[in-house]
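Just below is one structure, and these are the notes that go with it.
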Amino acid sequence: MSFDVSKAMEWAYKDMLTFFPENVSTFGSELDQLFAMIYYASVAIFFITYGILIAFIIMYRHQEGRRAYHYHGNNLVEFTWTLLPTFLFAGIGLWSDDAWTKSKSAYRVPNPDVTIDVLGYQSGFGWQFRYPGPDGVFGKKERNQISSANPFGIDSNDVHGKDDLVIISPGGARPVEAHLPINKNVLVNLSSNDVLHSFFLPNFRVKQDAVPGQWIKVWFNGTKAGRYEIACAELCGSGHYNMRGLLIMDSQQDYDAWLDQQYKLKKPETAPAADSTAALAVAPDSTTTKKN
Amino acid sequence: MQTAIAHAHDAHGNAAHGDHAHHHDVSFIRKYVFSTDHKVIAKQFMLASLLFLFVGGFFALLIRWQLAYPGEAIPLIGNILPDTWVSDGAVTANFYTQLLSLHGTVMIFYVIIPLAVGMFGNFCIPLMIGTDDMALPKLNMFSFWLVPPAGLILLSGFFFDSGAAAAGWTGYPPLGPSSGAGQTTWLISLFMIGFSSIMGATNYLATIVNKRAKGLQFFQMPLTVWALMITAILIILGTPVLAAAISMQLTDQYLHTSFFMPDNLLVGARDNSVLTGAFIQKGNELLEHKQLLGGGGQPILWQHLFWFYSHPAVYIMILPGMGIVSDVLATFARKPLYGYKAMIFAIMAIAFLGFVVWGHHMFQSGMNPLLGTTFMLSTIVIAVPSAIKIFNWLGTIWRGDIRFTAANLNALAFIATFIIGGLSGVFMASAPVDIYIHDTYFIVAHIHYVLFGGALFAIFAGIYYWFPKMYGKMLNESLGRKHFYWSFVFFNLTFYPMHILGVGGHMRRIYNPYIYEFLQQFQPMNQFITFAAIILGFSQLILIFNIFWSLKYGKAAPRNPWQANTLEWAAPAHPGHGNFDTDIQVYRGPYEFSVPSRTADFYPQWEEPQGQPEEVVAKDSHLRQHA
Ligand code: HEM
Ligand SMILES: [Cu+2]
Ligand SMILES: [Cu+2]
């Protein structure tokens, strides 16, 4: 049991905004700016209201012989202080809406350069990634073929599915390591086979729940090569804390090299690889796939 | 006490009270246990909920210890807890998940709601509208007596092999229904407590509408009564939806109805259940033939139903507090409440808007992002009436003559913390900003600023304020102030740094954050928070000590110790069953403090105007409220 006072008190003397992990996605900086804008507005409102509160507490504390002012209020004042916050909040709302559509809305997902599938799973707790393979085309998902050996339900009759690449945890307590290229629009189709999870990439300002029965589109564009952590942000059972994964952002060459290496590791005749500890799988509902 | 009762009855022996005429004959059980007296029921709510406060607080400290020193044995008690809960004296991941689920559930459903609504609703409404009791006293008694069994059912989960509920206080499917008997106890217990809420709320509405004292108009009622009345409407409209959702989750768990479960969903833990029996077997048979399992359900549907209740529920928890704070501030600033009507309309606006913002809990849930935009805008709108309330409270203390009693200190602290909680709400209301902070400690900080800093401080204010009327004894002021200062300081030291953790990306509900490299730097801060939380927890013992000490040694309370205006202070110092010993006639609004033409700085609602005809005064005060 140890205790480092100066680290423990960091919250008191460092600016809140400095605690953000480094942002490495395109829209991430816009979200950070929006946060900062609301933060500065809040700090201003905080000092004004606290200033008034403390001033009144001191100025109007009980004193012998003082008598309070008998006054019930004033409609003009009420009107003014209704309108002021309305304008401020409306401004925040309008700015937010733009950033929201850009980062989240399925209708605005830009043309993807790379598309992958991601599944969160509960038995063993982790993430699995699926790449389309050398032919660049995903095998069809067939709900009846989902099993723990084939969690994505890749249709065995579809030739495009034969070369699909599935990346899983290398086993033990080691986290899964997925690679993606930088400066590319990445589209993730996200789902789960069992309970809710939430695909959280702190450095990319990405968070999206993974919902069984539904394939949800998530996109981002990473700006800096490096090794980043993947977390789960939705309670999914007692191993929820243990869903750490790694996302390696590579230059295009490094990414291609990694993919090649993975293709070689994968023997062509075997069925799509899968984590043997993976949960019993669920069929992705084809109607919701369409909707997204 | 006997004399007070007798007294109340001598003056009040009208027909309505005939059946209560022989109070001294009433058995102990009827008087203190299965009582229909609204004041006794209020005290029962208070005691039960304060007990639960310590249960929930104990869970919180176990959680905090794990976050500060994961894997290290809990001091003092680590080695005496059963093996199913701890290993080597430290909580297990499984037990941790149960603890966080029950902490939230207990605090919200068994502490804040029963205190804010059950206790103050029962105590304040009949007294503040000048009547003898609730409209439906028996219903009232039932509404309390559902609480203890419901709470025990909830806690009983800890003694199952599969443990207590472990899907969070939100119980999201598929995790919820796919876990064992603990989740069943959670569902049943919430159903019961919801039923209790509905019974209470019906009663409050019936009482306020039908039993106001002579001359008491709606726009002469104190804010506490207004807030409780609107809260009752929220309960009646919202809780049935929760009840429906709970029933659906229950049938999903046992009858495989699949309201919330999509196709072919096969998750393991069902077999752990001790209650499932035949259903498990049936379920396992069905599992063999996947297709038969039904499916076609939507996990997100639960979230819609749950938050359709639970967002209004956060206002169920805070509105009574806002009412209490308004009354306490006005009394101790010796000033009329600033903008009485604006305050009431703001509560109505919050209550109405509260039903159209539930989706702000679901921005990242997979719900259509277009809906996210709608919910973002409605949520931002709801911040406006909240701001109006802050401004009016500041207006109330402006040019007042402020007394810093324990009650008023807590009320002032409510304003201070609600400002922070409201501001953090605006961050999360912005859907794109919420992407990053959703399900992090930023949310945990927000929750605690509004629920502990807001609702609970208001409840403390109410306890200090009305204790004299409840027990006929004054609470010790100096202990009260100590309790306040310790609570306020360590509350902020505990919960303010959590905003920073959230900005750092620290997820909520995780057993060991330090698995993640980017969170390792936060361990010292988590330790700081844990130490602050331990002191905060122990500070609450001052309140408990004060209550028991004052009951025995406290000064006898006068009828109107705070020189306040509202009707409860017209009742005897320690009112018996039936409440009032005089006929109550109301002449004016509740906040006529420091009226220039009078020597006394208060002007009770029940005091007959001297020399002037009634109508003139009533009209006059009516006009002044509009000014
Ligand atoms: C200015 C007013 C408020 C605004 C704009 C606001 C906004 C929000 C938003 C957007 C969330 C969802 C955040 C997320 O999960 O990502 C939230 C969560 C929450 N709010 Fe507020 N809020 C306000 C006031 C209150 C009040 C008065 C209370 C309670 C008395 C409250 C209690 C809660 C609770 C308990 C949660 C978390 C629920 C959970 O996920 O466990 N809020 N608030
Ligand atoms: Cu998780
Ligand atoms: Cu809400």
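Ligands are numbered from 1 in the order shown, residues from 1 within each chain, and chains are lettered A, B, ... in the order they appear in the structure tokens.
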Distance query A:Thr18 at most 12 Å, only C-alpha atoms, self and fewer than 5 positions along chain excluded, as an MDAnalysis selection string: (chainID A and resid 10:11 13 23 32 36) or (chainID B and resid 500:501 503:504)
Any residue with an atom at most 8 Å from ligand 3 counts, using only C-alpha atoms and all ligand atoms. Which are they? Put them as a list in words. Trp307, Ser310, His311, Pro312, Val314, Gly354, Val357, Trp358, Gly359, His360 and His361 of chain B
Residues of chain B within 10 Å of ligand 2: nearest atom pair and distance (Å, one decimal) for each, counting only C-alpha atoms and all ligand atoms, sorted by chain and number, as a tab-separated table?
residue	atom	partner	partner_atom_place_in_ligand_line	distance
B:Met507	CA	ligand 2	1 (Cu)	9.8
B:Arg509	CA	ligand 2	1 (Cu)	9.0
B:Ile510	CA	ligand 2	1 (Cu)	8.5
Enumerate residues in contact with ligand 1: an atom-to-atom distance of at most 8 Å, counting only C-alpha atoms and all ligand atoms. Format the result as a ChimeraX atom specification. /B:104,169-170,311,313-319,360-364,376,379-380,382-384,386-387,418,421-431,434-435,437-440,443-444,446-448,450-451,454-455
Print the selection's residues with N, CA and C atoms to a file, as a short mmCIF file (atom, residue, chain, number, x, y, z; two decimals), in the first residue's frame.
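After the write, again.cif holds the following:
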data_model
loop_
_atom_site.label_atom_id
_atom_site.label_comp_id
_atom_site.auth_asym_id
_atom_site.auth_seq_id
_atom_site.Cartn_x
_atom_site.Cartn_y
_atom_site.Cartn_z
N GLY B 104 -25.84 1.07 -6.73
CA GLY B 104 -26.70 1.98 -7.47
C GLY B 104 -28.16 1.73 -7.17
N TRP B 169 -27.31 -1.01 -12.14
CA TRP B 169 -28.63 -0.59 -11.66
C TRP B 169 -29.58 -0.42 -12.83
N THR B 170 -29.02 -0.49 -14.05
CA THR B 170 -29.83 -0.32 -15.25
C THR B 170 -30.29 -1.66 -15.81
N HIS B 311 -35.31 8.42 -16.55
CA HIS B 311 -34.99 9.84 -16.60
C HIS B 311 -35.96 10.64 -15.75
N ALA B 313 -37.36 9.62 -13.33
CA ALA B 313 -37.02 9.24 -11.95
C ALA B 313 -35.93 10.12 -11.37
N VAL B 314 -35.00 10.61 -12.21
CA VAL B 314 -33.99 11.48 -11.62
C VAL B 314 -34.65 12.77 -11.15
N TYR B 315 -35.72 13.17 -11.81
CA TYR B 315 -36.44 14.35 -11.32
C TYR B 315 -37.34 14.00 -10.14
N ILE B 316 -37.81 12.76 -10.10
CA ILE B 316 -38.52 12.31 -8.91
C ILE B 316 -37.60 12.47 -7.70
N MET B 317 -36.30 12.24 -7.93
CA MET B 317 -35.36 12.32 -6.82
C MET B 317 -34.98 13.76 -6.47
N ILE B 318 -34.98 14.65 -7.47
CA ILE B 318 -34.45 15.98 -7.19
C ILE B 318 -35.56 17.01 -6.93
N LEU B 319 -36.75 16.84 -7.54
CA LEU B 319 -37.77 17.89 -7.38
C LEU B 319 -38.17 18.13 -5.93
N HIS B 360 -31.15 10.67 -24.10
CA HIS B 360 -29.79 11.15 -23.90
C HIS B 360 -28.93 10.13 -23.13
N HIS B 361 -29.56 9.10 -22.61
CA HIS B 361 -28.78 8.02 -22.00
C HIS B 361 -28.36 7.00 -23.05
N MET B 362 -28.82 7.19 -24.29
CA MET B 362 -28.67 6.14 -25.30
C MET B 362 -27.95 6.63 -26.54
N PHE B 363 -27.25 7.75 -26.43
CA PHE B 363 -26.58 8.28 -27.62
C PHE B 363 -25.69 7.23 -28.29
N GLN B 364 -25.00 6.43 -27.47
CA GLN B 364 -24.05 5.47 -28.04
C GLN B 364 -24.63 4.06 -28.09
N MET B 376 -30.77 15.32 -28.05
CA MET B 376 -29.79 16.31 -27.64
C MET B 376 -30.48 17.67 -27.48
N THR B 379 -32.76 17.80 -24.46
CA THR B 379 -31.99 17.81 -23.21
C THR B 379 -31.40 19.18 -22.94
N ILE B 380 -30.95 19.83 -24.02
CA ILE B 380 -30.38 21.15 -23.84
C ILE B 380 -31.46 22.12 -23.37
N ILE B 382 -33.94 21.39 -21.48
CA ILE B 382 -34.30 21.16 -20.07
C ILE B 382 -33.31 21.84 -19.14
N ALA B 383 -32.13 22.18 -19.65
CA ALA B 383 -31.18 22.89 -18.80
C ALA B 383 -31.67 24.31 -18.50
N VAL B 384 -32.56 24.84 -19.36
CA VAL B 384 -33.00 26.22 -19.14
C VAL B 384 -33.82 26.38 -17.85
N SER B 386 -33.71 24.56 -15.35
CA SER B 386 -32.81 24.31 -14.23
C SER B 386 -32.03 25.58 -13.90
N ALA B 387 -31.59 26.29 -14.96
CA ALA B 387 -30.86 27.54 -14.74
C ALA B 387 -31.77 28.57 -14.07
N PHE B 418 -25.54 21.77 -7.20
CA PHE B 418 -26.43 21.62 -8.36
C PHE B 418 -25.90 22.44 -9.54
N GLY B 421 -23.39 20.09 -11.04
CA GLY B 421 -24.07 18.95 -11.66
C GLY B 421 -24.81 19.35 -12.93
N GLY B 422 -25.40 20.54 -12.92
CA GLY B 422 -26.10 21.01 -14.11
C GLY B 422 -25.12 21.29 -15.24
N LEU B 423 -23.99 21.88 -14.89
CA LEU B 423 -23.00 22.19 -15.93
C LEU B 423 -22.43 20.91 -16.54
N SER B 424 -22.13 19.91 -15.70
CA SER B 424 -21.61 18.67 -16.29
C SER B 424 -22.69 18.02 -17.16
N GLY B 425 -23.96 18.23 -16.79
CA GLY B 425 -25.05 17.73 -17.62
C GLY B 425 -25.01 18.29 -19.02
N VAL B 426 -24.62 19.55 -19.15
CA VAL B 426 -24.58 20.16 -20.48
C VAL B 426 -23.51 19.51 -21.37
N PHE B 427 -22.39 19.14 -20.78
CA PHE B 427 -21.36 18.42 -21.56
C PHE B 427 -21.97 17.15 -22.16
N MET B 428 -22.64 16.39 -21.30
CA MET B 428 -23.14 15.09 -21.75
C MET B 428 -24.34 15.23 -22.65
N ALA B 429 -25.05 16.36 -22.49
CA ALA B 429 -26.22 16.59 -23.34
C ALA B 429 -25.79 16.79 -24.79
N SER B 430 -24.57 17.30 -24.98
CA SER B 430 -24.05 17.44 -26.34
C SER B 430 -23.63 16.06 -26.84
N ALA B 431 -24.44 15.50 -27.72
CA ALA B 431 -24.22 14.10 -28.13
C ALA B 431 -22.79 13.81 -28.60
N ASP B 434 -20.57 13.57 -25.74
CA ASP B 434 -20.92 12.39 -24.95
C ASP B 434 -20.28 11.12 -25.51
N ILE B 435 -19.92 11.13 -26.80
CA ILE B 435 -19.29 9.92 -27.37
C ILE B 435 -18.12 9.51 -26.48
N ILE B 437 -17.22 10.79 -23.33
CA ILE B 437 -17.36 10.70 -21.87
C ILE B 437 -18.45 9.73 -21.42
N HIS B 438 -19.26 9.25 -22.34
CA HIS B 438 -20.30 8.28 -21.97
C HIS B 438 -19.65 7.05 -21.32
N ASP B 439 -20.32 6.56 -20.25
CA ASP B 439 -19.82 5.38 -19.54
C ASP B 439 -18.39 5.55 -19.01
N THR B 440 -18.03 6.79 -18.69
CA THR B 440 -16.77 7.02 -17.98
C THR B 440 -17.09 7.61 -16.61
N ILE B 443 -19.56 10.59 -16.00
CA ILE B 443 -20.97 10.33 -15.70
C ILE B 443 -21.13 10.08 -14.19
N VAL B 444 -20.20 9.32 -13.65
CA VAL B 444 -20.28 9.02 -12.22
C VAL B 444 -20.19 10.32 -11.41
N HIS B 446 -21.11 13.31 -12.45
CA HIS B 446 -22.40 14.00 -12.65
C HIS B 446 -23.48 13.41 -11.74
N ILE B 447 -23.61 12.11 -11.78
CA ILE B 447 -24.64 11.45 -10.97
C ILE B 447 -24.52 11.87 -9.51
N HIS B 448 -23.27 11.85 -9.02
CA HIS B 448 -23.13 12.11 -7.59
C HIS B 448 -23.29 13.58 -7.27
N VAL B 450 -25.47 15.54 -8.68
CA VAL B 450 -26.91 15.82 -8.60
C VAL B 450 -27.62 14.99 -7.54
N LEU B 451 -27.13 13.77 -7.30
CA LEU B 451 -27.87 12.93 -6.37
C LEU B 451 -27.37 13.01 -4.93
N GLY B 454 -26.85 17.12 -4.67
CA GLY B 454 -28.17 17.73 -4.83
C GLY B 454 -29.18 17.10 -3.90
N ALA B 455 -29.74 15.97 -4.34
CA ALA B 455 -30.86 15.39 -3.61
C ALA B 455 -30.54 15.13 -2.13
#
Could you please tell me, as a ChimeraX atom specification, which residues of chain A have an atom within 6 Å of chain B when using only C-alpha atoms? /A:4,7-8,11,19-20,31,35,56,60-62,68-70,72-74,96,100,105,194-195,205,207-209,213,233,238,241,280,282
Among stretch 117-214 of chain B, which residues does DSSP mark as alpha helix (DSSP H) when it is run on the backbone? Keep the chain and numbering as in the structure and answer as a ChimeraX atom specification. /B:120-128,137-145,147-156,175-178,181-210
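Every protein, DNA or RNA residue with an atom at most 7 Å from stretch 136-143 of chain A, where only C-alpha atoms count and chain neighbours fewer than 6 positions away do not, is listed here: Phe152, Gly153, Ile154, Asp155, Asp158, Val159, His160, Gly161, Asp164, Ala283 and Pro284 of chain A.
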Using the selection just defined, write its residues with N, CA, C and O atoms as an mmCIF file, in the first residue's frame.
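Ended up saving to again08.cif:
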data_model
loop_
_atom_site.group_PDB
_atom_site.id
_atom_site.type_symbol
_atom_site.label_atom_id
_atom_site.label_comp_id
_atom_site.auth_asym_id
_atom_site.auth_seq_id
_atom_site.Cartn_x
_atom_site.Cartn_y
_atom_site.Cartn_z
ATOM 1 N N PHE A 152 -18.514 -15.291 -36.951
ATOM 2 C CA PHE A 152 -19.074 -14.301 -37.863
ATOM 3 C C PHE A 152 -20.147 -14.913 -38.771
ATOM 4 O O PHE A 152 -20.803 -14.219 -39.517
ATOM 5 N N GLY A 153 -20.297 -16.226 -38.716
ATOM 6 C CA GLY A 153 -21.294 -16.869 -39.548
ATOM 7 C C GLY A 153 -20.971 -16.743 -41.032
ATOM 8 O O GLY A 153 -21.847 -16.465 -41.848
ATOM 9 N N ILE A 154 -19.713 -16.955 -41.396
ATOM 10 C CA ILE A 154 -19.332 -16.820 -42.806
ATOM 11 C C ILE A 154 -19.903 -17.989 -43.599
ATOM 12 O O ILE A 154 -19.714 -19.153 -43.233
ATOM 13 N N ASP A 155 -20.607 -17.690 -44.657
ATOM 14 C CA ASP A 155 -21.285 -18.708 -45.451
ATOM 15 C C ASP A 155 -20.266 -19.639 -46.101
ATOM 16 O O ASP A 155 -19.423 -19.200 -46.890
ATOM 17 N N ASP A 158 -19.929 -19.623 -49.917
ATOM 18 C CA ASP A 158 -19.537 -18.406 -50.623
ATOM 19 C C ASP A 158 -18.018 -18.399 -50.810
ATOM 20 O O ASP A 158 -17.271 -18.408 -49.832
ATOM 21 N N VAL A 159 -17.549 -18.402 -52.094
ATOM 22 C CA VAL A 159 -16.100 -18.447 -52.332
ATOM 23 C C VAL A 159 -15.387 -17.244 -51.718
ATOM 24 O O VAL A 159 -14.255 -17.343 -51.273
ATOM 25 N N HIS A 160 -16.082 -16.108 -51.662
ATOM 26 C CA HIS A 160 -15.444 -14.914 -51.098
ATOM 27 C C HIS A 160 -15.107 -15.094 -49.631
ATOM 28 O O HIS A 160 -14.244 -14.413 -49.095
ATOM 29 N N GLY A 161 -15.819 -16.014 -49.017
ATOM 30 C CA GLY A 161 -15.604 -16.212 -47.591
ATOM 31 C C GLY A 161 -14.393 -17.068 -47.275
ATOM 32 O O GLY A 161 -13.848 -17.002 -46.169
ATOM 33 N N ASP A 164 -11.388 -15.099 -46.063
ATOM 34 C CA ASP A 164 -11.572 -14.066 -45.036
ATOM 35 C C ASP A 164 -10.635 -14.324 -43.864
ATOM 36 O O ASP A 164 -10.408 -15.473 -43.465
ATOM 37 N N ALA A 283 -26.921 -15.276 -34.761
ATOM 38 C CA ALA A 283 -27.068 -14.905 -36.168
ATOM 39 C C ALA A 283 -27.300 -13.417 -36.273
ATOM 40 O O ALA A 283 -28.167 -12.879 -35.608
ATOM 41 N N PRO A 284 -26.545 -12.735 -37.101
ATOM 42 C CA PRO A 284 -26.836 -11.329 -37.316
ATOM 43 C C PRO A 284 -28.149 -11.244 -38.069
ATOM 44 O O PRO A 284 -28.383 -11.984 -39.005
#
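Closest approach to B:Gly537 among B:Leu154, B:Val586, B:Trp486, B:Val225: B:Trp486, based on only C-alpha atoms.
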Using DSSP assignments from the backbone, pull out every residue in stretch 78-226 of chain A that falls under strand (DSSP E) and give it to me as a VMD selection string. chain A and resid 114 to 121 126 to 131 165 to 167 177 to 181 185 to 192 197 to 201 206 to 210 216 to 221 226
Using only C-alpha atoms, which protein or nucleic acid residues come within 6 Å of A:Gly120? Drop anything in the same chain fewer than 5 positions from it, and give the result as a count of residues only. 3
Distance in Å - atom CA of B:Gly89 versus atom CA of B:Leu67: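 These two atoms are separated by 14.4 Å.
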Please compute the atom CA of A:Met249-atom CA of A:Ala178 distance, one decimal, in Å. 8.6 Å
At a cut-off of 9 Å, using only C-alpha atoms, what residues contact stretch 172-177 of chain A? Leave out same-chain residues fewer than 5 positions from it and give the result as a PyMOL selection string. chain A and resi 126-129+167+242-248
Convert the current residue selection to file output with all heavy atoms, as a short mmCIF file (atom, residue, chain, number, x, y, z; two decimals), in the first residue's frame.
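Output file part.cif follows:
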data_model
loop_
_atom_site.label_atom_id
_atom_site.label_comp_id
_atom_site.auth_asym_id
_atom_site.auth_seq_id
_atom_site.Cartn_x
_atom_site.Cartn_y
_atom_site.Cartn_z
N GLY A 126 -13.38 -10.46 -24.93
CA GLY A 126 -12.46 -9.83 -25.87
C GLY A 126 -13.14 -9.41 -27.15
O GLY A 126 -14.38 -9.32 -27.21
N TRP A 127 -12.32 -9.13 -28.14
CA TRP A 127 -12.82 -8.67 -29.45
C TRP A 127 -12.25 -9.55 -30.54
O TRP A 127 -11.13 -10.02 -30.45
CB TRP A 127 -12.35 -7.22 -29.71
CG TRP A 127 -12.73 -6.26 -28.65
CD1 TRP A 127 -11.96 -5.86 -27.59
CD2 TRP A 127 -13.96 -5.56 -28.52
NE1 TRP A 127 -12.64 -4.96 -26.82
CE2 TRP A 127 -13.87 -4.75 -27.38
CE3 TRP A 127 -15.15 -5.53 -29.26
CZ2 TRP A 127 -14.91 -3.92 -26.95
CZ3 TRP A 127 -16.18 -4.71 -28.85
CH2 TRP A 127 -16.05 -3.92 -27.70
N GLN A 128 -13.02 -9.76 -31.61
CA GLN A 128 -12.49 -10.44 -32.78
C GLN A 128 -12.69 -9.56 -33.99
O GLN A 128 -13.71 -8.88 -34.11
CB GLN A 128 -13.20 -11.75 -33.05
CG GLN A 128 -13.90 -12.32 -31.87
CD GLN A 128 -14.22 -13.79 -32.06
OE1 GLN A 128 -13.87 -14.38 -33.06
NE2 GLN A 128 -14.88 -14.35 -31.08
N PHE A 129 -11.72 -9.63 -34.91
CA PHE A 129 -11.73 -8.76 -36.09
C PHE A 129 -11.79 -9.63 -37.34
O PHE A 129 -11.18 -10.70 -37.38
CB PHE A 129 -10.45 -7.92 -36.13
CG PHE A 129 -10.39 -6.88 -35.05
CD1 PHE A 129 -10.12 -7.25 -33.75
CD2 PHE A 129 -10.65 -5.56 -35.33
CE1 PHE A 129 -10.08 -6.31 -32.74
CE2 PHE A 129 -10.61 -4.60 -34.33
CZ PHE A 129 -10.33 -4.99 -33.02
N ILE A 167 -9.00 -12.26 -36.95
CA ILE A 167 -7.93 -12.03 -35.99
C ILE A 167 -8.50 -12.18 -34.58
O ILE A 167 -9.50 -11.54 -34.23
CB ILE A 167 -7.36 -10.61 -36.14
CG1 ILE A 167 -6.82 -10.39 -37.56
CG2 ILE A 167 -6.27 -10.35 -35.10
CD1 ILE A 167 -5.58 -11.15 -37.87
N ASN A 242 -11.71 -6.67 -18.42
CA ASN A 242 -10.59 -7.41 -19.01
C ASN A 242 -10.69 -7.53 -20.53
O ASN A 242 -10.14 -8.44 -21.11
CB ASN A 242 -10.56 -8.80 -18.36
CG ASN A 242 -9.16 -9.34 -18.31
OD1 ASN A 242 -8.22 -8.66 -18.72
ND2 ASN A 242 -9.03 -10.56 -17.83
N MET A 243 -11.41 -6.60 -21.15
CA MET A 243 -11.61 -6.70 -22.60
C MET A 243 -10.59 -5.88 -23.39
O MET A 243 -10.87 -5.42 -24.48
CB MET A 243 -13.03 -6.31 -22.96
CG MET A 243 -14.00 -7.42 -22.64
SD MET A 243 -15.63 -7.19 -23.28
CE MET A 243 -15.44 -7.07 -25.03
N ARG A 244 -9.44 -5.71 -22.81
CA ARG A 244 -8.45 -4.87 -23.47
C ARG A 244 -8.01 -5.48 -24.80
O ARG A 244 -7.80 -6.68 -24.92
CB ARG A 244 -7.23 -4.73 -22.55
CG ARG A 244 -6.09 -3.95 -23.13
CD ARG A 244 -5.12 -3.59 -22.01
NE ARG A 244 -3.96 -2.91 -22.54
CZ ARG A 244 -2.80 -3.52 -22.81
NH1 ARG A 244 -2.67 -4.81 -22.60
NH2 ARG A 244 -1.79 -2.83 -23.29
N GLY A 245 -7.88 -4.63 -25.80
CA GLY A 245 -7.33 -5.05 -27.09
C GLY A 245 -6.35 -4.01 -27.55
O GLY A 245 -6.22 -2.95 -26.92
N LEU A 246 -5.61 -4.33 -28.63
CA LEU A 246 -4.66 -3.34 -29.15
C LEU A 246 -4.96 -3.07 -30.60
O LEU A 246 -5.26 -3.99 -31.37
CB LEU A 246 -3.24 -3.87 -29.00
CG LEU A 246 -2.72 -3.95 -27.56
CD1 LEU A 246 -1.36 -4.62 -27.53
CD2 LEU A 246 -2.65 -2.54 -26.95
N LEU A 247 -4.88 -1.81 -30.95
CA LEU A 247 -5.05 -1.40 -32.34
C LEU A 247 -3.74 -0.78 -32.79
O LEU A 247 -3.29 0.20 -32.20
CB LEU A 247 -6.19 -0.39 -32.44
CG LEU A 247 -6.48 0.15 -33.83
CD1 LEU A 247 -6.78 -0.99 -34.79
CD2 LEU A 247 -7.66 1.10 -33.78
N ILE A 248 -3.12 -1.40 -33.79
CA ILE A 248 -1.84 -0.88 -34.28
C ILE A 248 -2.11 -0.11 -35.56
O ILE A 248 -2.64 -0.66 -36.53
CB ILE A 248 -0.86 -2.03 -34.61
CG1 ILE A 248 -0.95 -3.14 -33.57
CG2 ILE A 248 0.55 -1.49 -34.80
CD1 ILE A 248 -0.38 -2.87 -32.25
#
Pick out the residues sitting within 12 Å of A:Leu165, and hand them over as an NGL selection string; count only C-alpha atoms, and ignore anything fewer than 4 positions along from it in its own chain. :A and (116-118 or 128-139 or 150 or 152 or 154 or 160-161 or 178 or 258-268 or 270-274)
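Going from atom CA of A:Gly93 to atom CA of A:Met37 covers 12.0 Å.
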